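Inspection log for the structure reproduced underneath, given as structure tokens.
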Amino acid sequence: MAFNEVEANSFHWLVDMLESVEVGLVVLDLDFRVQAWNGFMENHSGITASKIRDKVIFDAFPDIPKAWLARKVDAVALLNTRAFTSWEQRPYLFKFRNTRPITGTEEFMFQNLTISPLSGTTGQVEKVCLMVYDVTDIASSKRALERANEQLAKLSMTDRLTGLLNRGTWENLVDAEYERFRRYGQATSLVMFDIDHFKKVNDSYGHLAGDEVIKHTAAVTKGNLRQSDTSGRYGGEEFGIILPETDAEGARIICERIRESIAQSVVETSVAPIQYTISMGIAQLTEAPENYMQWMQLADEALYAAKEGGRNRVMLSGK
């Protein structure tokens, strides 16, 4: 076999490999005109190599971040060294739809990108090669794991029945609010409240109906609070609310709104419609409590006074 024939065969094998490899290969000159476009790019873009050749890549793909890619290519050409970008830094360069059935939950293909310099006979960089790797499987798995971890973290902080913060998490925030008051002295109030005669609800209608009443209480509470307020389920039928930058009168207005909403509503359960009321105690923080637990005790005492006063009412600490 003649030497030229060997060279021709080698070139044929090389071209065949570049066309069939599962990596996108794009060669650009330094004016960003496409010089080479392999089968991977044809398959995922729907644009043939002959159609895109000598076209500016930004004209063919307006979604590509022009300034970002230009900086990358300029650095590669100037330093004559490769650059690499992962999907975590930029999810994709080419907005290709995801075609993998295993990772069908992802709308677009996640990509890693390598930009390599291509030198001419003079040793000067004349072109760059973009190597586009489909890493959708890896990205999808990692994103799913991150979502699962976020969900687990959320579950560890919230009450499963109501979605409110659980007792431990909420108490930590009470402590943090207490320390914030000690530092800045801004008005802040704490509310403790519970469902009146809740044992009778459970005894009369069953625990499932009781759970519906608890969930309704949580929903009404959240619906009447501001974004800065924090509610939690303290235990059983008892709840708490932190009201930052709110004095006792402001807290009373918020609590009356919650109390009235609950008193006027009906919980439709599978057993029977249930009407119920709540009692609420408010303690505006002052310099007197030595720690957050004493502050909570003041709110609890106000709640007890509301119970003693006939229930279905809001009481202020010290009143």
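Order determines the names: the first chain of the structure tokens is A, the second B, and so forth; residues in each chain are numbered 1 upward, and ligands are numbered 1 upward as they are shown.
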Using only C-alpha atoms, find each residue in segment 141-208 of chain A having at least one atom no more than 12 Å away from segment 215-224 of chain A; report its shortest atom-to-atom pair and that distance in Å (one decimal), rows by chain then rising number, as a Markdown table.
| residue | atom | partner | partner_atom | distance |
| --- | --- | --- | --- | --- |
| A:Asp159 | CA | A:Ala218 | CA | 10.5 |
| A:Arg160 | CA | A:Lys215 | CA | 10.2 |
| A:Leu161 | CA | A:Lys215 | CA | 6.7 |
| A:Thr162 | CA | A:Lys215 | CA | 5.1 |
| A:Gly163 | CA | A:Ala218 | CA | 8.0 |
| A:Leu164 | CA | A:Ala218 | CA | 7.0 |
| A:Leu165 | CA | A:Ala218 | CA | 10.4 |
| A:Asn166 | CA | A:Ala218 | CA | 12.0 |
| A:Val191 | CA | A:Thr221 | CA | 11.5 |
| A:Phe193 | CA | A:Thr217 | CA | 10.4 |
| A:Asp194 | CA | A:Thr217 | CA | 9.2 |
| A:Ile195 | CA | A:Thr217 | CA | 8.2 |
| A:Asp196 | CA | A:Thr217 | CA | 11.5 |
| A:Phe198 | CA | A:Thr217 | CA | 11.8 |
| A:Leu208 | CA | A:Lys215 | CA | 10.6 |
Check segment 3-220 of chain A with DSSP on the backbone and list each residue it calls strand (DSSP E), as a ChimeraX atom specification.
-> /A:24-29,34-37,83-85,111-119,125-134,188-195
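Shortest atom-to-atom contact with Trp87 of chain A among A:Ile138, A:Met280, A:Leu30, A:Cys255: A:Ile138, counting only C-alpha atoms.
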Near-Arg82 of chain A list (9 Å; only C-alpha atoms; drop same-chain fewer than 2 positions) as a ChimeraX atom specification | /A:75-77,79-80,84,114-117
Keeping all heavy atoms for every residue in the selection just given, could you write it to a file as a PDB file, in the first residue's frame?
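Output saved as part.pdb:
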ATOM      1  N   ALA A  75      -8.939  34.530  25.768  1.00  0.00           N
ATOM      2  CA  ALA A  75      -7.953  34.059  26.742  1.00  0.00           C
ATOM      3  C   ALA A  75      -7.250  32.801  26.235  1.00  0.00           C
ATOM      4  O   ALA A  75      -6.025  32.654  26.376  1.00  0.00           O
ATOM      5  CB  ALA A  75      -8.632  33.787  28.082  1.00  0.00           C
ATOM      6  N   VAL A  76      -8.009  31.885  25.628  1.00  0.00           N
ATOM      7  CA  VAL A  76      -7.429  30.650  25.090  1.00  0.00           C
ATOM      8  C   VAL A  76      -6.433  30.976  23.978  1.00  0.00           C
ATOM      9  O   VAL A  76      -5.333  30.418  23.918  1.00  0.00           O
ATOM     10  CB  VAL A  76      -8.549  29.718  24.571  1.00  0.00           C
ATOM     11  CG1 VAL A  76      -7.979  28.587  23.714  1.00  0.00           C
ATOM     12  CG2 VAL A  76      -9.339  29.144  25.737  1.00  0.00           C
ATOM     13  N   ALA A  77      -6.824  31.893  23.077  1.00  0.00           N
ATOM     14  CA  ALA A  77      -5.951  32.263  21.959  1.00  0.00           C
ATOM     15  C   ALA A  77      -4.701  32.998  22.438  1.00  0.00           C
ATOM     16  O   ALA A  77      -3.586  32.759  21.942  1.00  0.00           O
ATOM     17  CB  ALA A  77      -6.723  33.128  20.964  1.00  0.00           C
ATOM     18  N   LEU A  79      -3.232  32.941  25.516  1.00  0.00           N
ATOM     19  CA  LEU A  79      -2.360  32.140  26.383  1.00  0.00           C
ATOM     20  C   LEU A  79      -1.997  30.794  25.779  1.00  0.00           C
ATOM     21  O   LEU A  79      -1.157  30.073  26.324  1.00  0.00           O
ATOM     22  CB  LEU A  79      -3.047  31.923  27.740  1.00  0.00           C
ATOM     23  CG  LEU A  79      -3.422  33.197  28.519  1.00  0.00           C
ATOM     24  CD1 LEU A  79      -4.218  32.838  29.763  1.00  0.00           C
ATOM     25  CD2 LEU A  79      -2.169  33.987  28.879  1.00  0.00           C
ATOM     26  N   ASN A  80      -2.659  30.443  24.659  1.00  0.00           N
ATOM     27  CA  ASN A  80      -2.424  29.160  23.999  1.00  0.00           C
ATOM     28  C   ASN A  80      -2.591  27.999  24.998  1.00  0.00           C
ATOM     29  O   ASN A  80      -1.738  27.111  25.109  1.00  0.00           O
ATOM     30  CB  ASN A  80      -1.028  29.118  23.366  1.00  0.00           C
ATOM     31  CG  ASN A  80      -0.903  27.962  22.370  1.00  0.00           C
ATOM     32  OD1 ASN A  80      -1.883  27.315  22.032  1.00  0.00           O
ATOM     33  ND2 ASN A  80       0.318  27.699  21.922  1.00  0.00           N
ATOM     34  N   PHE A  84     -11.856  25.366  30.557  1.00  0.00           N
ATOM     35  CA  PHE A  84     -12.900  24.372  30.854  1.00  0.00           C
ATOM     36  C   PHE A  84     -14.010  25.025  31.666  1.00  0.00           C
ATOM     37  O   PHE A  84     -13.745  25.823  32.570  1.00  0.00           O
ATOM     38  CB  PHE A  84     -12.294  23.202  31.645  1.00  0.00           C
ATOM     39  CG  PHE A  84     -13.308  22.182  32.081  1.00  0.00           C
ATOM     40  CD1 PHE A  84     -13.783  21.226  31.201  1.00  0.00           C
ATOM     41  CD2 PHE A  84     -13.791  22.183  33.385  1.00  0.00           C
ATOM     42  CE1 PHE A  84     -14.724  20.278  31.598  1.00  0.00           C
ATOM     43  CE2 PHE A  84     -14.729  21.241  33.795  1.00  0.00           C
ATOM     44  CZ  PHE A  84     -15.190  20.290  32.899  1.00  0.00           C
ATOM     45  N   THR A 114     -15.097  22.293  26.868  1.00  0.00           N
ATOM     46  CA  THR A 114     -13.650  22.526  26.800  1.00  0.00           C
ATOM     47  C   THR A 114     -13.357  23.346  25.556  1.00  0.00           C
ATOM     48  O   THR A 114     -13.872  23.043  24.470  1.00  0.00           O
ATOM     49  CB  THR A 114     -12.873  21.204  26.748  1.00  0.00           C
ATOM     50  OG1 THR A 114     -13.139  20.449  27.927  1.00  0.00           O
ATOM     51  CG2 THR A 114     -11.372  21.460  26.661  1.00  0.00           C
ATOM     52  N   ILE A 115     -12.549  24.391  25.695  1.00  0.00           N
ATOM     53  CA  ILE A 115     -12.135  25.225  24.566  1.00  0.00           C
ATOM     54  C   ILE A 115     -10.634  25.037  24.399  1.00  0.00           C
ATOM     55  O   ILE A 115      -9.857  25.364  25.302  1.00  0.00           O
ATOM     56  CB  ILE A 115     -12.466  26.710  24.806  1.00  0.00           C
ATOM     57  CG1 ILE A 115     -13.950  26.883  25.162  1.00  0.00           C
ATOM     58  CG2 ILE A 115     -12.119  27.541  23.579  1.00  0.00           C
ATOM     59  CD1 ILE A 115     -14.327  28.307  25.547  1.00  0.00           C
ATOM     60  N   SER A 116     -10.231  24.495  23.249  1.00  0.00           N
ATOM     61  CA  SER A 116      -8.816  24.198  23.002  1.00  0.00           C
ATOM     62  C   SER A 116      -8.276  25.067  21.873  1.00  0.00           C
ATOM     63  O   SER A 116      -8.962  25.278  20.861  1.00  0.00           O
ATOM     64  CB  SER A 116      -8.643  22.729  22.627  1.00  0.00           C
ATOM     65  OG  SER A 116      -9.033  21.889  23.688  1.00  0.00           O
ATOM     66  N   PRO A 117      -7.033  25.554  22.007  1.00  0.00           N
ATOM     67  CA  PRO A 117      -6.421  26.351  20.928  1.00  0.00           C
ATOM     68  C   PRO A 117      -5.947  25.439  19.798  1.00  0.00           C
ATOM     69  O   PRO A 117      -5.475  24.323  20.038  1.00  0.00           O
ATOM     70  CB  PRO A 117      -5.246  27.034  21.631  1.00  0.00           C
ATOM     71  CG  PRO A 117      -4.879  26.089  22.736  1.00  0.00           C
ATOM     72  CD  PRO A 117      -6.150  25.430  23.180  1.00  0.00           C
TER      73      PRO A 117
END
Could you tell me, as a ChimeraX atom specification, which residues of segment 179-295 of chain A DSSP assigns to helix (DSSP H, G or I) when given the backbone?
-> /A:179-184,198-205,207-223,248-263,292-295
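When only C-alpha atoms are used to measure the gap to Lys72 of chain A, the shortest distance among A:Leu113, A:Val23, A:Leu190, A:Ala272 belongs to A:Leu113.
Among the candidate residues A:Met109, A:Ala176, A:Ala263, A:Val201, the one lying nearest to Asp137 of chain A is A:Met109, with distances computed using only C-alpha atoms.
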Restricting the calculation to only C-alpha atoms, which member of A:Gln186, A:Thr169, A:Ser270, A:Gln89 is positioned closest to Asp211 of chain A?
-> A:Ser270
Please provide as a PyMOL selection string all residues within 6 Å of segment 298-307 of chain A, with the sequence filter that same-chain residues fewer than 4 positions apart are discarded (counting only C-alpha atoms).
-> chain A and resi 191-192+279-283+311+313+315-317
Would you work out the distance separating atom CA of Leu130 of chain A from atom CA of Val26 of chain A, expressed in Å to one decimal?
-> 5.0 Å
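The space separating atom CA of Val34 of chain A from atom CA of Ile52 of chain A comes to 6.7 Å.
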